[in-house]
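This report refers to the structure that appears directly beneath it.
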Amino acid sequence: MAPETPVIQINDLHKAYGALEVLKGVSLSAPKGNVISLIGSSGSGKSTLLRCCNLLEDSQQGEILFKGEPVRWKGTGHGRRPSDPKQVLRIRTNLSMVFQQFNLWSHMTILQNVMEAPLTVLGRDRAEVEEAARGYLEKVGIGDKCDVYPAQLSGGQQQRAAIARGLCMEPEALLFDEPTSALDPELEQEVVRVIKDLATEGRTMLIVTHDMKLAADVSDHVIFLHQGLIEEQGAPDILFGAPKSERLRGFLSATHAT
Ligand SMILES: Nc1ncnc2c1ncn2[C@@H]1O[C@H](COP(=O)(O)OP(=O)(O)O)[C@@H](O)[C@H]1O
Ligand SMILES: [Mg+2]
């Protein structure tokens with residue numbers, strides 16, 4: 001891959017649920033090592049955009065490229081689907097998703113949760129995966145929680161386990177959908193610290209967040225979505241420091257007020 005080839009690139013993406021147009025022509029590019037934050041009001045299409053990136057959602061028009069490789073489609077419009085299951089699997093396993101609600105398996109220990117996908121999806125060697133999984137749990141600060149079940153952990157610890165699970169796939173990029181929204185403020189900070197460490201390491205990340213401080217601190221680029229279109233985007237100091245659009249100014253003042 002040439003250094004300038006983005007890990008994820010989206011060109012003019014359109015997505016509707018039935019008659020409801022949710023993405024109306026969105027483009028973005030996530031170069032390797034960059035952190036891109038997506039902000040905007042509830043319902044603006046942030047989660048949908050993130051889910052389109054790793055093909056959890058279909059889209060009707062526009063291109064999605066993974067490391068320069070365009071997703072191949074069959075059909076058009078509402079009938080458009082990815083045509084190559086192997087390509088879908090390769091893209092999905094390379095873009096680890098971290099959800100607001102953690103989505104850990106409740107019947108598996110934390111270690112088993114982290115080891116599950118590398119073993120079953122990637123078919124990697126068990127001993128190697130276990131060593132890596134313990135290492136990632138250590139890295140996110142819960143190396144002592146390998147043998148407990150998710151219900152025995154705080155929300156912040158569960159979310160850190162979910163991040164370790166994402167890392168254990170050794171993906172090209174991590175996609176976060178409101179990773180701190182389900183957490184109390186003091187637990188939120190322990191997850192924010194992990195995300196900041198990952199940003200410092202040069203991980204490629206796409207982060208949907210309501211936390212403007214997090215977006216300002218970690219992002220190389222911030223995208224403000226409004227009703228399925230990019231209303232404004234730019235470097236965080238400019239976007240937050242000197243927002244141009246009335247809508248972004250309104251959104252930021254409403255966010256700061258809460
Ligand atoms: N599975 C779905 N079926 C129908 N409409 C959906 C579905 N998921 C999301 N939507 C709608 O799409 C719009 C954008 O949703 P979403 O991407 O979740 O926004 P955000 O993450 O910015 O809050 C909203 O109007 C939402 O109600
Ligand atoms: Mg959302």
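Numbering starts fresh at 1 for the residues of each chain in the structure tokens, the chains themselves are lettered A, B, ... in the order given, and ligands are numbered from 1 as they appear.
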Need to verify the contact set: Met169 in chain A, 9 Å, only C-alpha atoms, exclusion of same-chain residues closer than 5 positions in sequence. Can you return it as a VMD selection string? chain A and resid 93 to 96 114 to 115 117 to 118 122 164
Restricting the output to N, CA and C atoms, write the selected residues as a short mmCIF file (atom, residue, chain, number, x, y, z; two decimals), in the first residue's frame.
```cif
data_model
loop_
_atom_site.label_atom_id
_atom_site.label_comp_id
_atom_site.auth_asym_id
_atom_site.auth_seq_id
_atom_site.Cartn_x
_atom_site.Cartn_y
_atom_site.Cartn_z
N THR A 93 -13.09 -7.95 9.27
CA THR A 93 -12.15 -8.40 10.29
C THR A 93 -11.00 -7.40 10.45
N ASN A 94 -10.87 -6.49 9.49
CA ASN A 94 -9.82 -5.49 9.59
C ASN A 94 -10.29 -4.16 10.16
N LEU A 95 -11.60 -4.06 10.40
CA LEU A 95 -12.16 -2.84 10.98
C LEU A 95 -12.91 -3.24 12.24
N SER A 96 -12.24 -3.23 13.37
CA SER A 96 -12.89 -3.66 14.62
C SER A 96 -13.83 -2.59 15.13
N VAL A 114 -12.16 -12.02 24.51
CA VAL A 114 -11.13 -11.38 23.69
C VAL A 114 -10.54 -12.38 22.68
N MET A 115 -10.50 -13.66 23.08
CA MET A 115 -9.90 -14.68 22.21
C MET A 115 -10.84 -15.20 21.13
N ALA A 117 -12.97 -14.21 18.57
CA ALA A 117 -12.96 -13.94 17.11
C ALA A 117 -11.62 -14.31 16.45
N PRO A 118 -10.48 -13.99 17.08
CA PRO A 118 -9.22 -14.43 16.44
C PRO A 118 -9.17 -15.95 16.27
N LEU A 122 -10.55 -15.94 12.49
CA LEU A 122 -9.24 -15.91 11.80
C LEU A 122 -8.54 -17.27 11.85
N ALA A 164 -10.02 -4.22 24.06
CA ALA A 164 -9.00 -5.27 23.95
C ALA A 164 -9.44 -6.33 22.93
#
```
Where does chain A meet ligand 2 within 9 Å, residue by residue, with the nearest atom pair and distance in Å to one decimal for each, counting only C-alpha atoms and all ligand atoms, listed by chain and rising number, as JSON lines?
```
{"residue": "A:Ser42", "atom": "CA", "partner": "ligand 2", "partner_atom_place_in_ligand_line": "1 (Mg)", "distance": 6.5}
{"residue": "A:Gly43", "atom": "CA", "partner": "ligand 2", "partner_atom_place_in_ligand_line": "1 (Mg)", "distance": 6.9}
{"residue": "A:Ser44", "atom": "CA", "partner": "ligand 2", "partner_atom_place_in_ligand_line": "1 (Mg)", "distance": 8.2}
{"residue": "A:Gly45", "atom": "CA", "partner": "ligand 2", "partner_atom_place_in_ligand_line": "1 (Mg)", "distance": 7.0}
{"residue": "A:Lys46", "atom": "CA", "partner": "ligand 2", "partner_atom_place_in_ligand_line": "1 (Mg)", "distance": 5.5}
{"residue": "A:Ser47", "atom": "CA", "partner": "ligand 2", "partner_atom_place_in_ligand_line": "1 (Mg)", "distance": 4.1}
{"residue": "A:Thr48", "atom": "CA", "partner": "ligand 2", "partner_atom_place_in_ligand_line": "1 (Mg)", "distance": 7.2}
{"residue": "A:Leu50", "atom": "CA", "partner": "ligand 2", "partner_atom_place_in_ligand_line": "1 (Mg)", "distance": 8.9}
{"residue": "A:Gln100", "atom": "CA", "partner": "ligand 2", "partner_atom_place_in_ligand_line": "1 (Mg)", "distance": 8.8}
{"residue": "A:Asp177", "atom": "CA", "partner": "ligand 2", "partner_atom_place_in_ligand_line": "1 (Mg)", "distance": 6.6}
{"residue": "A:Glu178", "atom": "CA", "partner": "ligand 2", "partner_atom_place_in_ligand_line": "1 (Mg)", "distance": 7.0}
{"residue": "A:Val208", "atom": "CA", "partner": "ligand 2", "partner_atom_place_in_ligand_line": "1 (Mg)", "distance": 7.4}
{"residue": "A:Thr209", "atom": "CA", "partner": "ligand 2", "partner_atom_place_in_ligand_line": "1 (Mg)", "distance": 8.6}
```
Neighbouring residues of ligand 1 are defined here as those with any atom at most 12 Å from a ligand atom, counting only C-alpha atoms and all ligand atoms; list them as a ChimeraX atom specification. /A:15-24,38-52,56-58,99-100,176-178,181,207-210,223-230
Please extract the residues of range 97-194 of chain A with a backbone DSSP assignment of alpha helix (DSSP H) and present them as a PyMOL selection string. chain A and resi 110-120+126-139+155-168+185-194
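Take the candidates A:Ser83, A:Thr5, A:Ser253, A:Gln157 and check each one against Leu104 in chain A using only C-alpha atoms; the shortest distance goes to A:Gln157.
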Residue contacts of range 139-151 of chain A (6 Å, only C-alpha atoms) excluding same-chain residues fewer than 3 positions away, as a list in words: Ser106, Thr109, Ile110, Leu111, Tyr136 and Arg160 of chain A
Selection file, all heavy atoms, as a PDB file, in the first residue's frame:
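Generated output (again_13.pdb):
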```pdb
ATOM      1  N   SER A 106     -21.977 -12.704  27.626  1.00  0.00           N
ATOM      2  CA  SER A 106     -22.120 -12.770  29.085  1.00  0.00           C
ATOM      3  C   SER A 106     -21.710 -14.136  29.643  1.00  0.00           C
ATOM      4  O   SER A 106     -21.338 -14.251  30.803  1.00  0.00           O
ATOM      5  CB  SER A 106     -23.559 -12.454  29.486  1.00  0.00           C
ATOM      6  OG  SER A 106     -24.429 -13.382  28.889  1.00  0.00           O
ATOM      7  N   THR A 109     -15.810 -15.786  29.890  1.00  0.00           N
ATOM      8  CA  THR A 109     -14.940 -14.923  30.683  1.00  0.00           C
ATOM      9  C   THR A 109     -14.392 -13.813  29.784  1.00  0.00           C
ATOM     10  O   THR A 109     -14.497 -13.866  28.560  1.00  0.00           O
ATOM     11  CB  THR A 109     -13.731 -15.701  31.247  1.00  0.00           C
ATOM     12  OG1 THR A 109     -12.905 -16.114  30.145  1.00  0.00           O
ATOM     13  CG2 THR A 109     -14.174 -16.917  32.061  1.00  0.00           C
ATOM     14  N   ILE A 110     -13.771 -12.834  30.448  1.00  0.00           N
ATOM     15  CA  ILE A 110     -13.197 -11.717  29.695  1.00  0.00           C
ATOM     16  C   ILE A 110     -12.134 -12.230  28.724  1.00  0.00           C
ATOM     17  O   ILE A 110     -12.112 -11.845  27.546  1.00  0.00           O
ATOM     18  CB  ILE A 110     -12.611 -10.679  30.689  1.00  0.00           C
ATOM     19  CG1 ILE A 110     -13.744 -10.047  31.511  1.00  0.00           C
ATOM     20  CG2 ILE A 110     -11.807  -9.612  29.975  1.00  0.00           C
ATOM     21  CD1 ILE A 110     -14.826  -9.363  30.712  1.00  0.00           C
ATOM     22  N   LEU A 111     -11.278 -13.129  29.187  1.00  0.00           N
ATOM     23  CA  LEU A 111     -10.240 -13.669  28.299  1.00  0.00           C
ATOM     24  C   LEU A 111     -10.859 -14.392  27.104  1.00  0.00           C
ATOM     25  O   LEU A 111     -10.436 -14.213  25.959  1.00  0.00           O
ATOM     26  CB  LEU A 111      -9.307 -14.610  29.084  1.00  0.00           C
ATOM     27  CG  LEU A 111      -8.121 -15.173  28.283  1.00  0.00           C
ATOM     28  CD1 LEU A 111      -7.146 -14.068  27.886  1.00  0.00           C
ATOM     29  CD2 LEU A 111      -7.396 -16.255  29.082  1.00  0.00           C
ATOM     30  N   TYR A 136      -3.206  -7.521  25.526  1.00  0.00           N
ATOM     31  CA  TYR A 136      -4.115  -6.408  25.259  1.00  0.00           C
ATOM     32  C   TYR A 136      -4.936  -6.056  26.508  1.00  0.00           C
ATOM     33  O   TYR A 136      -5.219  -4.889  26.767  1.00  0.00           O
ATOM     34  CB  TYR A 136      -5.026  -6.712  24.067  1.00  0.00           C
ATOM     35  CG  TYR A 136      -4.291  -6.653  22.745  1.00  0.00           C
ATOM     36  CD1 TYR A 136      -4.257  -7.751  21.889  1.00  0.00           C
ATOM     37  CD2 TYR A 136      -3.614  -5.490  22.357  1.00  0.00           C
ATOM     38  CE1 TYR A 136      -3.561  -7.700  20.687  1.00  0.00           C
ATOM     39  CE2 TYR A 136      -2.913  -5.430  21.161  1.00  0.00           C
ATOM     40  CZ  TYR A 136      -2.888  -6.539  20.333  1.00  0.00           C
ATOM     41  OH  TYR A 136      -2.200  -6.484  19.142  1.00  0.00           O
ATOM     42  N   ARG A 160     -13.411  -1.392  28.275  1.00  0.00           N
ATOM     43  CA  ARG A 160     -11.986  -1.606  28.008  1.00  0.00           C
ATOM     44  C   ARG A 160     -11.740  -3.037  27.526  1.00  0.00           C
ATOM     45  O   ARG A 160     -10.895  -3.273  26.658  1.00  0.00           O
ATOM     46  CB  ARG A 160     -11.154  -1.248  29.242  1.00  0.00           C
ATOM     47  CG  ARG A 160     -11.088   0.275  29.421  1.00  0.00           C
ATOM     48  CD  ARG A 160     -10.193   0.687  30.554  1.00  0.00           C
ATOM     49  NE  ARG A 160     -10.818   0.459  31.850  1.00  0.00           N
ATOM     50  CZ  ARG A 160     -10.156   0.188  32.964  1.00  0.00           C
ATOM     51  NH1 ARG A 160      -8.836   0.107  32.943  1.00  0.00           N
ATOM     52  NH2 ARG A 160     -10.814   0.035  34.096  1.00  0.00           N
TER      53      ARG A 160
END
```
Name the residues in contact with Thr200 in chain A at a cut-off of 9 Å, using only C-alpha atoms, excluding same-chain residues fewer than 4 positions from it; report them as a list of chain:residue names. A:Ile195, A:Lys196, A:Val218
If you keep N, CA and C atoms, can you produce a file of those selected residues as a compact mmCIF listing (two decimals), in the first residue's frame?
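Everything below was put into selection27.txt:
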```txt
# COMPACT_ATOMS: atom_id res chain seq x y z
N ILE A 195 -8.45 5.35 24.83
CA ILE A 195 -8.58 5.83 23.45
C ILE A 195 -7.46 6.83 23.12
N LYS A 196 -7.13 7.67 24.08
CA LYS A 196 -6.03 8.63 23.86
C LYS A 196 -4.70 7.92 23.67
N VAL A 218 -8.20 14.20 20.60
CA VAL A 218 -7.55 13.08 19.90
C VAL A 218 -7.58 13.18 18.37
```
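Our summary of the geometry notes that CA of Asp184 in chain A is positioned 29.1 Å from CA of Gly33 in chain A.
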Nearest-residue call for Phe102 in chain A, choices A:Gln189, A:Gln159, A:Gln152, A:Gln60, using only C-alpha atoms: A:Gln159
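Closest approach to Lys213 in chain A among A:Leu252, A:Leu198, A:His107, A:Leu175: A:Leu252, based on only C-alpha atoms.
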Within range 36-256 of chain A, find each residue whose DSSP state, derived from the backbone, is strand (DSSP E), and express the selection as a count of residues only. 42
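Here CA of Asn34 in chain A and CA of Gly202 in chain A stand 6.9 Å from one another.
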Using only C-alpha atoms, the residue out of A:Ala162, A:Met97, A:Val222, A:Leu89 with shortest distance to Gln112 in chain A is A:Ala162
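Restricting the calculation to only C-alpha atoms, the smallest distance between Pro82 in chain A and any of A:Met205, A:Leu55, A:Ala132, A:Val35 is found for A:Leu55.
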Excluding Arg249 in chain A and its own-chain neighbours fewer than 4 positions away, which residues fall within 12 Å of it when counting only C-alpha atoms? Please give them as a ChimeraX atom specification. /A:40,224,231-232,239-245,253-256
A:Ser27, A:Thr76, A:Gln9, A:Thr180 ranked by distance to Gly156 in chain A, top pick (using only C-alpha atoms): A:Thr180
d(CA of Glu130 in chain A, CA of Pro171 in chain A) in Å: 16.8 Å
